[in-house]
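Structure file my_file_5.csv; described as CSV, C-alpha atoms.
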```
chain,number,residue,atom,x,y,z
A,183,MET,CA,108.7,108.5,121.8
A,184,TRP,CA,112.4,107.7,122.4
A,185,GLU,CA,113.2,111.4,122.7
A,186,ASP,CA,111.8,111.3,126.2
A,187,LEU,CA,114.5,108.7,127.1
A,188,GLN,CA,117.3,110.6,125.4
A,189,THR,CA,116.5,113.9,127.0
A,190,CYS,CA,116.3,112.5,130.6
A,191,VAL,CA,119.3,113.3,132.7
A,192,PHE,CA,120.9,110.2,133.9
A,193,ASP,CA,124.0,109.6,135.9
A,194,ALA,CA,125.1,106.9,133.5
A,195,PRO,CA,126.0,107.7,130.0
A,196,PHE,CA,123.3,106.6,127.7
A,197,VAL,CA,122.3,106.9,124.0
A,198,VAL,CA,119.3,105.9,121.9
A,199,ILE,CA,120.3,104.7,118.4
A,200,ALA,CA,117.3,104.5,116.1
A,201,VAL,CA,117.7,102.6,112.9
A,202,ALA,CA,115.3,103.1,110.1
A,203,GLU,CA,114.8,99.8,108.2
A,204,GLU,CA,114.0,101.5,104.9
A,205,GLY,CA,114.5,99.4,101.8
A,206,ARG,CA,113.4,102.4,99.7
A,207,GLY,CA,116.2,104.5,101.1
A,208,ALA,CA,116.8,107.6,103.2
A,209,GLU,CA,114.3,109.8,101.4
A,210,GLN,CA,111.5,107.6,102.6
A,211,ALA,CA,112.5,108.1,106.2
A,212,ARG,CA,113.5,111.8,105.9
A,213,PRO,CA,110.1,113.4,106.5
A,214,TRP,CA,109.6,111.4,109.7
A,215,ILE,CA,113.1,112.2,111.0
A,216,GLU,CA,112.9,115.9,110.2
A,217,LYS,CA,109.5,116.1,111.9
A,218,ALA,CA,110.7,114.3,115.0
A,219,LYS,CA,113.9,116.3,115.2
A,220,PRO,CA,115.6,113.6,117.3
A,221,SER,CA,118.6,114.6,119.4
A,222,TYR,CA,119.9,111.0,119.2
A,223,PRO,CA,121.5,109.3,116.1
A,224,CYS,CA,118.9,108.2,113.6
A,225,LEU,CA,120.5,105.9,111.0
A,226,ILE,CA,119.3,104.7,107.6
A,227,ASP,CA,119.5,101.0,107.0
A,228,GLU,CA,118.4,100.4,103.4
A,229,ASN,CA,119.5,96.8,103.4
A,230,HIS,CA,118.1,95.8,106.8
A,231,VAL,CA,121.6,95.0,108.1
A,232,VAL,CA,120.6,95.5,111.7
A,233,SER,CA,117.6,93.2,111.5
A,234,ALA,CA,119.8,90.5,109.9
A,235,LEU,CA,122.6,90.9,112.4
A,236,TYR,CA,120.3,90.7,115.5
A,237,GLY,CA,117.7,88.4,114.1
A,238,MET,CA,114.9,91.1,114.3
A,239,VAL,CA,111.7,90.3,112.6
A,240,ASN,CA,109.5,93.4,113.1
A,241,VAL,CA,109.7,97.1,113.9
A,242,PRO,CA,110.0,98.5,116.5
A,243,GLN,CA,112.3,96.0,118.1
A,244,CYS,CA,115.1,96.9,120.4
A,245,VAL,CA,118.2,95.5,121.9
A,246,TRP,CA,119.7,96.7,125.2
A,247,ILE,CA,123.5,97.0,125.1
A,248,ASP,CA,125.6,97.8,128.1
A,249,GLU,CA,128.7,99.9,128.4
A,250,ARG,CA,131.0,97.0,127.5
A,251,GLY,CA,129.1,96.4,124.3
A,252,VAL,CA,127.3,93.3,125.7
A,253,ILE,CA,123.7,92.5,124.8
A,254,VAL,CA,121.8,92.4,128.1
A,255,ARG,CA,118.4,92.2,126.5
A,256,PRO,CA,118.1,90.5,123.1
A,257,PRO,CA,115.6,91.7,120.5
A,258,GLU,CA,112.2,92.4,121.9
A,259,THR,CA,109.2,94.5,121.1
A,260,ALA,CA,110.0,98.1,121.9
A,261,GLY,CA,106.9,99.5,123.5
A,262,SER,CA,104.3,98.6,120.9
A,263,THR,CA,101.3,96.4,121.5
A,264,ASP,CA,98.7,94.5,119.6
A,265,HIS,CA,95.9,96.9,120.5
A,266,PHE,CA,96.0,98.1,116.9
A,267,ARG,CA,94.3,94.8,115.9
A,268,LYS,CA,91.2,96.0,117.7
A,269,MET,CA,91.2,99.4,115.9
A,270,ASP,CA,88.1,100.6,114.1
A,271,LEU,CA,89.4,100.4,110.6
A,272,THR,CA,86.9,102.9,109.2
A,273,THR,CA,87.9,105.6,111.7
A,274,ARG,CA,91.4,104.1,112.4
A,275,THR,CA,90.8,104.9,116.1
A,276,LEU,CA,91.0,102.8,119.3
A,277,ALA,CA,88.3,102.8,122.0
A,278,PRO,CA,89.4,105.0,124.9
A,279,GLU,CA,90.0,102.0,127.3
A,280,LEU,CA,92.2,100.3,124.7
A,281,LEU,CA,94.1,103.4,124.1
A,282,ALA,CA,94.7,103.7,127.8
A,283,GLU,CA,95.9,100.1,128.0
A,284,ARG,CA,98.2,100.7,125.1
A,285,ASN,CA,99.6,103.9,126.6
A,286,ALA,CA,100.1,102.1,129.9
A,287,ALA,CA,102.1,99.3,128.3
A,288,ARG,CA,104.3,101.8,126.5
A,289,THR,CA,104.9,103.8,129.7
A,290,ALA,CA,105.7,100.6,131.6
A,291,TYR,CA,108.3,99.7,129.0
A,292,LEU,CA,109.9,103.2,128.9
A,293,ASN,CA,110.0,103.2,132.7
A,294,ALA,CA,111.8,99.8,132.6
A,295,VAL,CA,114.4,101.3,130.2
A,296,ARG,CA,114.9,104.3,132.5
A,297,THR,CA,115.3,102.0,135.5
A,298,TRP,CA,118.0,100.0,133.6
A,299,ILE,CA,119.9,103.1,132.8
A,300,ARG,CA,119.8,104.3,136.4
A,301,THR,CA,120.2,101.0,138.3
A,302,GLY,CA,121.0,98.2,135.8
A,303,LYS,CA,117.8,96.4,136.7
A,304,HIS,CA,116.2,94.4,134.0
A,305,ALA,CA,119.5,93.6,132.4
A,306,LEU,CA,119.5,89.8,132.0
A,307,PRO,CA,122.2,87.4,133.2
A,308,GLY,CA,124.2,86.0,130.4
A,309,ASP,CA,122.5,82.6,130.3
A,310,GLU,CA,119.1,84.1,130.3
A,311,ALA,CA,120.0,86.6,127.6
A,312,ARG,CA,121.5,83.8,125.5
A,313,ALA,CA,118.3,81.7,126.0
A,314,ARG,CA,116.3,84.5,124.6
A,315,LEU,CA,118.4,85.0,121.5
A,316,PRO,CA,116.7,84.3,118.1
A,317,VAL,CA,118.0,81.2,116.3
A,318,ILE,CA,118.9,81.9,112.7
A,319,THR,CA,118.1,78.9,110.5
A,320,PRO,CA,119.4,78.2,107.0
A,321,GLU,CA,116.1,79.2,105.6
A,322,MET,CA,116.3,82.6,107.4
A,323,ALA,CA,119.8,83.2,106.1
A,324,MET,CA,118.7,82.3,102.6
A,325,ALA,CA,115.7,84.6,103.0
A,326,ASP,CA,117.9,87.5,104.0
A,327,ALA,CA,120.1,86.9,100.9
A,328,LEU,CA,117.0,86.9,98.6
A,329,PHE,CA,115.6,90.0,100.3
A,330,ARG,CA,118.9,91.8,99.8
A,331,LEU,CA,118.8,90.8,96.1
A,332,ALA,CA,115.2,91.9,95.7
A,333,LEU,CA,115.9,95.3,97.3
A,334,HIS,CA,118.8,95.8,95.0
A,335,LEU,CA,116.7,94.8,91.9
A,336,ARG,CA,113.9,97.1,93.0
A,337,ARG,CA,116.3,100.0,93.2
A,338,GLN,CA,117.4,99.2,89.7
A,339,GLY,CA,113.9,99.3,88.5
A,340,GLN,CA,113.5,95.6,88.0
A,341,GLU,CA,110.3,95.5,90.0
A,342,SER,CA,108.9,92.3,88.4
A,343,GLU,CA,111.9,90.1,89.2
A,344,ALA,CA,112.3,91.8,92.6
A,345,ALA,CA,108.7,90.8,93.5
A,346,GLN,CA,109.5,87.1,92.9
A,347,HIS,CA,112.6,87.2,95.2
A,348,PHE,CA,110.6,89.2,97.8
A,349,ALA,CA,108.0,86.4,97.7
A,350,ASP,CA,110.6,83.7,98.0
A,351,ALA,CA,112.2,85.5,100.9
A,352,SER,CA,108.9,85.9,102.7
A,353,ARG,CA,108.0,82.2,102.1
A,354,LEU,CA,111.4,81.1,103.6
A,355,HIS,CA,111.1,83.4,106.6
A,356,PRO,CA,107.3,83.9,107.2
A,357,GLU,CA,107.9,85.3,110.7
A,358,SER,CA,109.7,88.4,109.3
A,359,TRP,CA,107.3,91.3,109.1
A,360,CYS,CA,110.3,93.4,108.0
A,361,ILE,CA,110.7,91.4,104.9
A,362,PHE,CA,107.0,91.2,104.2
A,363,ARG,CA,106.1,94.8,104.8
A,364,ASP,CA,109.1,96.4,103.1
A,365,ALA,CA,108.3,94.3,100.0
A,366,GLN,CA,104.8,95.6,99.8
A,367,ALA,CA,103.6,98.4,97.5
A,368,LEU,CA,102.9,101.4,99.7
A,369,GLU,CA,99.6,103.0,100.1
A,370,PRO,CA,99.2,106.8,99.6
A,371,SER,CA,99.8,107.2,103.3
A,372,GLY,CA,103.2,105.6,102.9
A,373,LEU,CA,102.2,102.6,104.9
A,374,ALA,CA,102.3,99.0,103.8
A,375,GLY,CA,99.0,98.4,105.6
A,376,GLY,CA,96.7,97.2,102.9
A,377,GLN,CA,94.5,94.2,102.5
A,378,ALA,CA,97.5,91.7,102.3
A,379,PHE,CA,98.8,93.1,105.6
A,380,TRP,CA,95.6,92.7,107.4
A,381,GLU,CA,95.0,89.2,106.0
A,382,ARG,CA,98.3,88.2,107.3
A,383,VAL,CA,97.7,89.8,110.7
A,384,ASN,CA,94.3,88.2,111.0
A,385,ALA,CA,95.9,84.8,110.1
A,386,LEU,CA,98.0,85.1,113.3
A,387,GLY,CA,94.9,84.2,115.3
A,388,ASP,CA,95.9,84.1,118.9
A,389,LYS,CA,99.6,84.7,118.1
A,390,PRO,CA,100.8,88.2,118.8
A,391,TYR,CA,102.0,90.5,116.1
A,392,TYR,CA,104.0,92.3,118.8
A,393,PRO,CA,105.1,89.7,121.4
A,394,PRO,CA,105.0,91.6,124.7
A,395,PRO,CA,108.5,91.9,126.4
A,396,VAL,CA,109.0,89.8,129.5
A,397,LEU,CA,110.4,92.3,132.0
B,282,MET,CA,130.6,92.1,84.6
B,283,ALA,CA,128.6,91.0,87.6
B,284,THR,CA,127.6,92.9,90.7
B,285,VAL,CA,128.3,91.0,93.9
B,286,LEU,CA,126.7,92.2,97.1
B,287,THR,CA,128.4,91.0,100.3
B,288,ASP,CA,128.5,92.1,104.0
B,289,THR,CA,131.6,94.1,103.2
B,290,GLY,CA,130.2,96.0,100.2
B,291,THR,CA,129.3,96.0,96.6
B,292,HIS,CA,131.8,94.6,94.1
B,293,SER,CA,131.9,94.8,90.3
B,294,VAL,CA,133.8,91.8,88.9
B,295,PRO,CA,134.4,90.4,85.4
B,296,THR,CA,132.9,86.9,85.3
B,297,GLN,CA,132.4,84.1,82.8
B,298,GLY,CA,129.0,82.4,83.2
B,299,GLY,CA,127.9,81.8,86.8
B,300,LEU,CA,130.2,83.4,89.2
B,301,LEU,CA,133.5,82.2,87.8
B,302,LEU,CA,136.1,84.6,89.1
B,303,SER,CA,139.9,85.0,89.0
B,304,PRO,CA,141.6,84.2,92.3
B,305,GLN,CA,142.2,87.9,92.8
B,306,ASP,CA,138.6,88.8,92.4
B,307,THR,CA,137.5,85.8,94.5
B,308,GLU,CA,139.7,87.1,97.3
B,309,ARG,CA,138.3,90.6,96.9
B,310,VAL,CA,134.8,89.4,97.1
B,311,THR,CA,135.0,86.6,99.7
B,312,GLY,CA,138.0,87.5,101.8
B,313,TRP,CA,139.5,84.1,101.1
B,314,THR,CA,142.9,83.7,99.4
B,315,LEU,CA,143.9,80.9,97.0
B,316,LYS,CA,146.9,79.0,98.2
B,317,PRO,CA,148.3,75.6,97.2
B,318,GLU,CA,146.3,73.9,100.1
B,319,GLY,CA,143.0,75.6,99.1
B,320,MET,CA,141.2,78.7,99.9
B,321,CYS,CA,142.6,80.2,103.1
B,322,GLN,CA,141.6,82.9,105.6
B,323,ASP,CA,143.8,83.5,108.5
B,324,GLU,CA,144.9,80.1,109.7
B,325,LEU,CA,142.0,78.2,108.2
B,326,CYS,CA,142.3,76.6,104.7
B,327,VAL,CA,139.5,74.8,102.9
B,328,PRO,CA,140.4,72.6,100.0
B,329,LEU,CA,138.8,73.4,96.6
B,330,THR,CA,136.8,70.5,95.1
B,331,GLN,CA,137.1,69.8,91.4
B,332,ALA,CA,133.6,71.3,90.9
B,333,MET,CA,134.8,74.6,92.2
B,334,LYS,CA,137.7,74.9,89.8
B,335,HIS,CA,137.2,76.0,86.2
B,336,GLY,CA,140.7,76.3,84.6
B,337,ASP,CA,142.3,79.3,86.2
B,338,ARG,CA,139.0,80.5,87.6
B,339,ILE,CA,137.1,79.7,90.8
B,340,ASP,CA,133.4,79.1,91.1
B,341,ALA,CA,133.0,81.6,93.9
B,342,ALA,CA,129.3,80.8,94.4
B,343,ALA,CA,130.0,77.1,94.8
B,344,PHE,CA,132.8,77.8,97.2
B,345,TRP,CA,130.6,80.2,99.2
B,346,ARG,CA,127.9,77.6,99.5
B,347,HIS,CA,130.5,75.0,100.5
B,348,LEU,CA,131.2,77.2,103.5
B,349,GLY,CA,127.6,76.9,104.6
B,350,ASN,CA,126.6,80.4,103.3
B,351,PRO,CA,123.6,81.4,101.2
B,352,VAL,CA,124.0,82.5,97.6
B,353,ALA,CA,121.3,84.2,95.6
B,354,SER,CA,121.4,85.6,92.1
B,355,ASP,CA,119.1,87.2,89.6
B,356,ARG,CA,117.9,85.3,86.5
B,357,ALA,CA,120.5,86.9,84.3
B,358,GLY,CA,123.4,86.0,86.6
B,359,GLU,CA,124.4,89.7,86.7
B,360,THR,CA,123.7,90.3,90.4
B,361,TRP,CA,124.8,88.0,93.2
B,362,VAL,CA,124.4,88.1,96.9
B,363,LEU,CA,126.9,86.2,99.0
B,364,GLY,CA,125.2,86.1,102.4
B,365,THR,CA,126.3,85.0,105.8
B,366,GLY,CA,125.3,81.5,107.0
B,367,PRO,CA,123.4,80.6,110.1
B,368,ASP,CA,126.3,79.1,112.0
B,369,GLN,CA,128.4,82.2,111.8
B,370,ARG,CA,125.5,84.4,112.6
B,371,ASN,CA,124.3,82.3,115.6
B,372,GLN,CA,127.9,82.1,116.9
B,373,ALA,CA,128.2,85.9,116.7
B,374,LEU,CA,125.1,86.4,118.8
B,375,ALA,CA,125.9,83.6,121.3
B,376,GLY,CA,128.9,85.5,122.5
B,377,LEU,CA,126.5,88.3,123.5
B,378,GLN,CA,129.0,90.9,122.1
B,379,ALA,CA,126.7,93.2,120.2
B,380,PRO,CA,127.5,92.8,116.5
B,381,ASP,CA,129.0,96.0,115.1
B,382,PHE,CA,127.7,97.9,112.1
B,383,ALA,CA,128.2,101.1,110.3
B,384,LEU,CA,125.3,103.1,108.9
B,385,PRO,CA,124.8,106.7,107.7
B,386,ASP,CA,122.4,109.3,109.1
B,387,LEU,CA,120.4,111.6,106.9
B,388,ASN,CA,123.4,113.7,106.3
B,389,GLY,CA,125.6,110.8,105.2
B,390,ARG,CA,127.7,110.8,108.3
B,391,ILE,CA,128.6,107.2,109.2
B,392,HIS,CA,128.0,106.0,112.7
B,393,ARG,CA,129.4,102.8,114.1
B,394,LEU,CA,127.8,101.1,117.0
B,395,SER,CA,131.2,100.6,118.5
B,396,ASP,CA,131.6,104.4,118.5
B,397,TYR,CA,129.2,104.4,121.4
B,398,ARG,CA,131.1,101.9,123.6
B,399,GLY,CA,131.2,103.1,127.2
B,400,GLN,CA,127.6,104.2,127.1
B,401,LYS,CA,124.4,102.1,127.6
B,402,VAL,CA,122.8,101.8,124.2
B,403,PHE,CA,119.1,101.4,123.5
B,404,LEU,CA,119.3,100.2,119.9
B,405,THR,CA,115.9,100.3,118.3
B,406,THR,CA,114.5,99.9,114.8
B,407,TRP,CA,111.6,101.6,113.1
B,408,ALA,CA,110.3,102.2,109.6
B,409,SER,CA,108.1,104.5,107.7
B,410,TRP,CA,106.1,101.6,106.2
```
Output the file's structure as structure tokens, nothing else.
Amino acid sequence: MWEDLQTCVFDAPFVVIAVAEEGRGAEQARPWIEKAKPSYPCLIDENHVVSALYGMVNVPQCVWIDERGVIVRPPETAGSTDHFRKMDLTTRTLAPELLAERNAARTAYLNAVRTWIRTGKHALPGDEARARLPVITPEMAMADALFRLALHLRRQGQESEAAQHFADASRLHPESWCIFRDAQALEPSGLAGGQAFWERVNALGDKPYYPPPVL
Amino acid sequence: MATVLTDTGTHSVPTQGGLLLSPQDTERVTGWTLKPEGMCQDELCVPLTQAMKHGDRIDAAAFWRHLGNPVASDRAGETWVLGTGPDQRNQALAGLQAPDFALPDLNGRIHRLSDYRGQKVFLTTWASW
């Protein structure tokens, strides 16, 4: 959906940079990228470097960065919503009214990005941007190290030991869906959306899976 | 030989049990240089404790932990990750200057975030999973 942003003609120079957090490497992302044919840079991040640097915990999350390289909106949900939690799992479809709500939320977010590009609106003052930054704890830092180790071991074919380090990483940083999901075995669809995922989502209760951005 | 994964890359280093490295390999892996006053980087020097010294070798894992950074290793002690600690990461973000990174696209071309300075950047993540 970012192609709509990139192909808009703005007075201000603007670029979308999409980063694939793909612990299984570029080939996992290739079919998606080749199908989308994005005109913007689409990068492969097999070690989740960007998530670690910016304290991101899920996909899609985004950061708005101005012309000076300054973060003007820290990581936030990039247009996705929790409507999927009300999906009919047998048909994997949403009721029309929920679909309309989801699409409206996405459109509102995309419009906010367009407004920022044109006018600068929605860029946060420094203090407010700083207040919204994630705080990296020692446990999260250790989780990232264990996750990197596990990714490396999985690539080396050491699945069993990798699984233990994945589990330890997820235990230390339970808010990270990036760690949890990239560690999971994939379904034939290529998604890590099996029973363990849904149990974890349902355990959120009233907490959001995709916290809505505060615009 | 051990494989050491750091933010700057992947290093193969000869080691003797744990992560006991020569001063040269310690510098290559950590970016810190052994001097008479301790391990030094730019103007900063950190004294080595006795526990970090093993003859002419340095326990790079113990030194790295001493700096407040996470260390992870596999059971065999053949693969190590020297991560970046929370203080450094939080400080990097608190300045609001977007942390730079270099990643390849599907064709292997490397893109740096800083290559796009002068433009507004919408940096977004996604995944196939």
Between CA of Arg370 (chain B) and CA of Ala342 (chain B), what is the distance in Å, rounded to a tenth?
18.9 Å
So, with all atoms listed in the file as the atoms that count, which of B:Thr365, B:Ser354, B:Thr360, B:Thr330 lies closest to His292 (chain B)?
B:Thr360
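If you look at CA of Gly261 (chain A) and CA of Pro316 (chain A), they are 18.9 Å away from each other.
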Would you list the contacts of region 204-217 of chain A as a ChimeraX atom specification, taking every protein, DNA or RNA residue within 10 Å and counting all atoms listed in the file, but skipping same-chain residues closer than 5 positions in sequence?
/A:224-230,329-330,332-334,336-337,360-361,364-365,372 /B:385-389,407-410
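Shortest separation to chain A among B:Ala375, B:Ala383, B:Leu300, B:Met320 occurs at residue B:Ala375, atoms counted being only C-alpha atoms.
The residue that comes closest to chain B, out of A:His304, A:Leu280, A:Met269, A:Ala311 and on the basis of all atoms listed in the file, is A:Ala311.
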Report as an mmCIF file with C-alpha atoms, in the frame of the given file the set of chain A residues whose atoms approach chain B to within 7 Å, with distances computed over only C-alpha atoms.
```
data_model
loop_
_atom_site.group_PDB
_atom_site.id
_atom_site.type_symbol
_atom_site.label_atom_id
_atom_site.label_comp_id
_atom_site.auth_asym_id
_atom_site.auth_seq_id
_atom_site.Cartn_x
_atom_site.Cartn_y
_atom_site.Cartn_z
ATOM 1 C CA PRO A 195 126.000 107.700 130.000
ATOM 2 C CA PHE A 196 123.300 106.600 127.700
ATOM 3 C CA VAL A 197 122.300 106.900 124.000
ATOM 4 C CA VAL A 198 119.300 105.900 121.900
ATOM 5 C CA ILE A 199 120.300 104.700 118.400
ATOM 6 C CA ALA A 200 117.300 104.500 116.100
ATOM 7 C CA VAL A 201 117.700 102.600 112.900
ATOM 8 C CA ALA A 202 115.300 103.100 110.100
ATOM 9 C CA GLU A 203 114.800 99.800 108.200
ATOM 10 C CA GLU A 204 114.000 101.500 104.900
ATOM 11 C CA ALA A 208 116.800 107.600 103.200
ATOM 12 C CA GLN A 210 111.500 107.600 102.600
ATOM 13 C CA ALA A 211 112.500 108.100 106.200
ATOM 14 C CA ARG A 212 113.500 111.800 105.900
ATOM 15 C CA CYS A 224 118.900 108.200 113.600
ATOM 16 C CA LEU A 225 120.500 105.900 111.000
ATOM 17 C CA ILE A 226 119.300 104.700 107.600
ATOM 18 C CA ASP A 227 119.500 101.000 107.000
ATOM 19 C CA LEU A 235 122.600 90.900 112.400
ATOM 20 C CA VAL A 241 109.700 97.100 113.900
ATOM 21 C CA PRO A 242 110.000 98.500 116.500
ATOM 22 C CA GLN A 243 112.300 96.000 118.100
ATOM 23 C CA CYS A 244 115.100 96.900 120.400
ATOM 24 C CA VAL A 245 118.200 95.500 121.900
ATOM 25 C CA TRP A 246 119.700 96.700 125.200
ATOM 26 C CA ILE A 247 123.500 97.000 125.100
ATOM 27 C CA ASP A 248 125.600 97.800 128.100
ATOM 28 C CA GLU A 249 128.700 99.900 128.400
ATOM 29 C CA ARG A 250 131.000 97.000 127.500
ATOM 30 C CA GLY A 251 129.100 96.400 124.300
ATOM 31 C CA VAL A 252 127.300 93.300 125.700
ATOM 32 C CA ILE A 253 123.700 92.500 124.800
ATOM 33 C CA ILE A 299 119.900 103.100 132.800
ATOM 34 C CA ARG A 312 121.500 83.800 125.500
ATOM 35 C CA VAL A 317 118.000 81.200 116.300
ATOM 36 C CA ILE A 318 118.900 81.900 112.700
ATOM 37 C CA THR A 319 118.100 78.900 110.500
ATOM 38 C CA PRO A 320 119.400 78.200 107.000
ATOM 39 C CA ALA A 323 119.800 83.200 106.100
ATOM 40 C CA MET A 324 118.700 82.300 102.600
ATOM 41 C CA ALA A 327 120.100 86.900 100.900
ATOM 42 C CA LEU A 328 117.000 86.900 98.600
ATOM 43 C CA LEU A 331 118.800 90.800 96.100
ATOM 44 C CA ARG A 363 106.100 94.800 104.800
ATOM 45 C CA ASP A 364 109.100 96.400 103.100
ATOM 46 C CA GLY A 372 103.200 105.600 102.900
ATOM 47 C CA LEU A 373 102.200 102.600 104.900
ATOM 48 C CA ALA A 374 102.300 99.000 103.800
#
```
Figure out the distance between CA of Asp186 (chain A) and CA of Ala305 (chain A), please, to one decimal in Å.
20.3 Å
Tell me, as a list in words, which residues lie within 9 Å of Tyr392 (chain A), counting only C-alpha atoms; anything in the same chain fewer than 3 positions away does not count.
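Non-adjacent residues within range: Asn240, Val241, Pro242, Glu258, Thr259, Ala260, Ser262, Thr263, Asp264, Lys389 and Pro395 of chain A.
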Contacts of Lys334 (chain B) at 12 Å or less, counting all atoms listed in the file, minus same-chain residues fewer than 5 places along, as a list in words?
Leu300, Leu301, Leu302, Ser303, Pro304, Thr307, Leu315, Gly319, Met320, Pro328, Leu329, Ile339, Asp340, Ala341, Ala342, Ala343 and Phe344 of chain B
Keeping C-alpha atoms for every residue in the selection just given, could you write it to a file as a compact mmCIF listing (two decimals), in the frame of the given file?
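Heads up, here's the output in out_35.txt:
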```txt
# COMPACT_ATOMS: atom_id res chain seq x y z
CA LEU B 300 130.20 83.40 89.20
CA LEU B 301 133.50 82.20 87.80
CA LEU B 302 136.10 84.60 89.10
CA SER B 303 139.90 85.00 89.00
CA PRO B 304 141.60 84.20 92.30
CA THR B 307 137.50 85.80 94.50
CA LEU B 315 143.90 80.90 97.00
CA GLY B 319 143.00 75.60 99.10
CA MET B 320 141.20 78.70 99.90
CA PRO B 328 140.40 72.60 100.00
CA LEU B 329 138.80 73.40 96.60
CA ILE B 339 137.10 79.70 90.80
CA ASP B 340 133.40 79.10 91.10
CA ALA B 341 133.00 81.60 93.90
CA ALA B 342 129.30 80.80 94.40
CA ALA B 343 130.00 77.10 94.80
CA PHE B 344 132.80 77.80 97.20
```
What lies within 12 Å of Val383 (chain A) using all atoms listed in the file, ignoring chain neighbours under 4 positions off, as a ChimeraX atom specification?
/A:264,266-268,356-357,359,362-363,375-379,387-392
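Using all atoms listed in the file, the shortest contact distance between Ala357 (chain B) and any of B:Asp306, B:Gly290, B:Arg338, B:Gly298 is found at B:Gly298.
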Using all atoms listed in the file, find all polymer residues with an atom at most 8 Å away from the point (135.4, 93.2, 86.2); report them as a list in words.
Met282, Ala283, Ser293, Val294, Pro295 and Thr296 of chain B
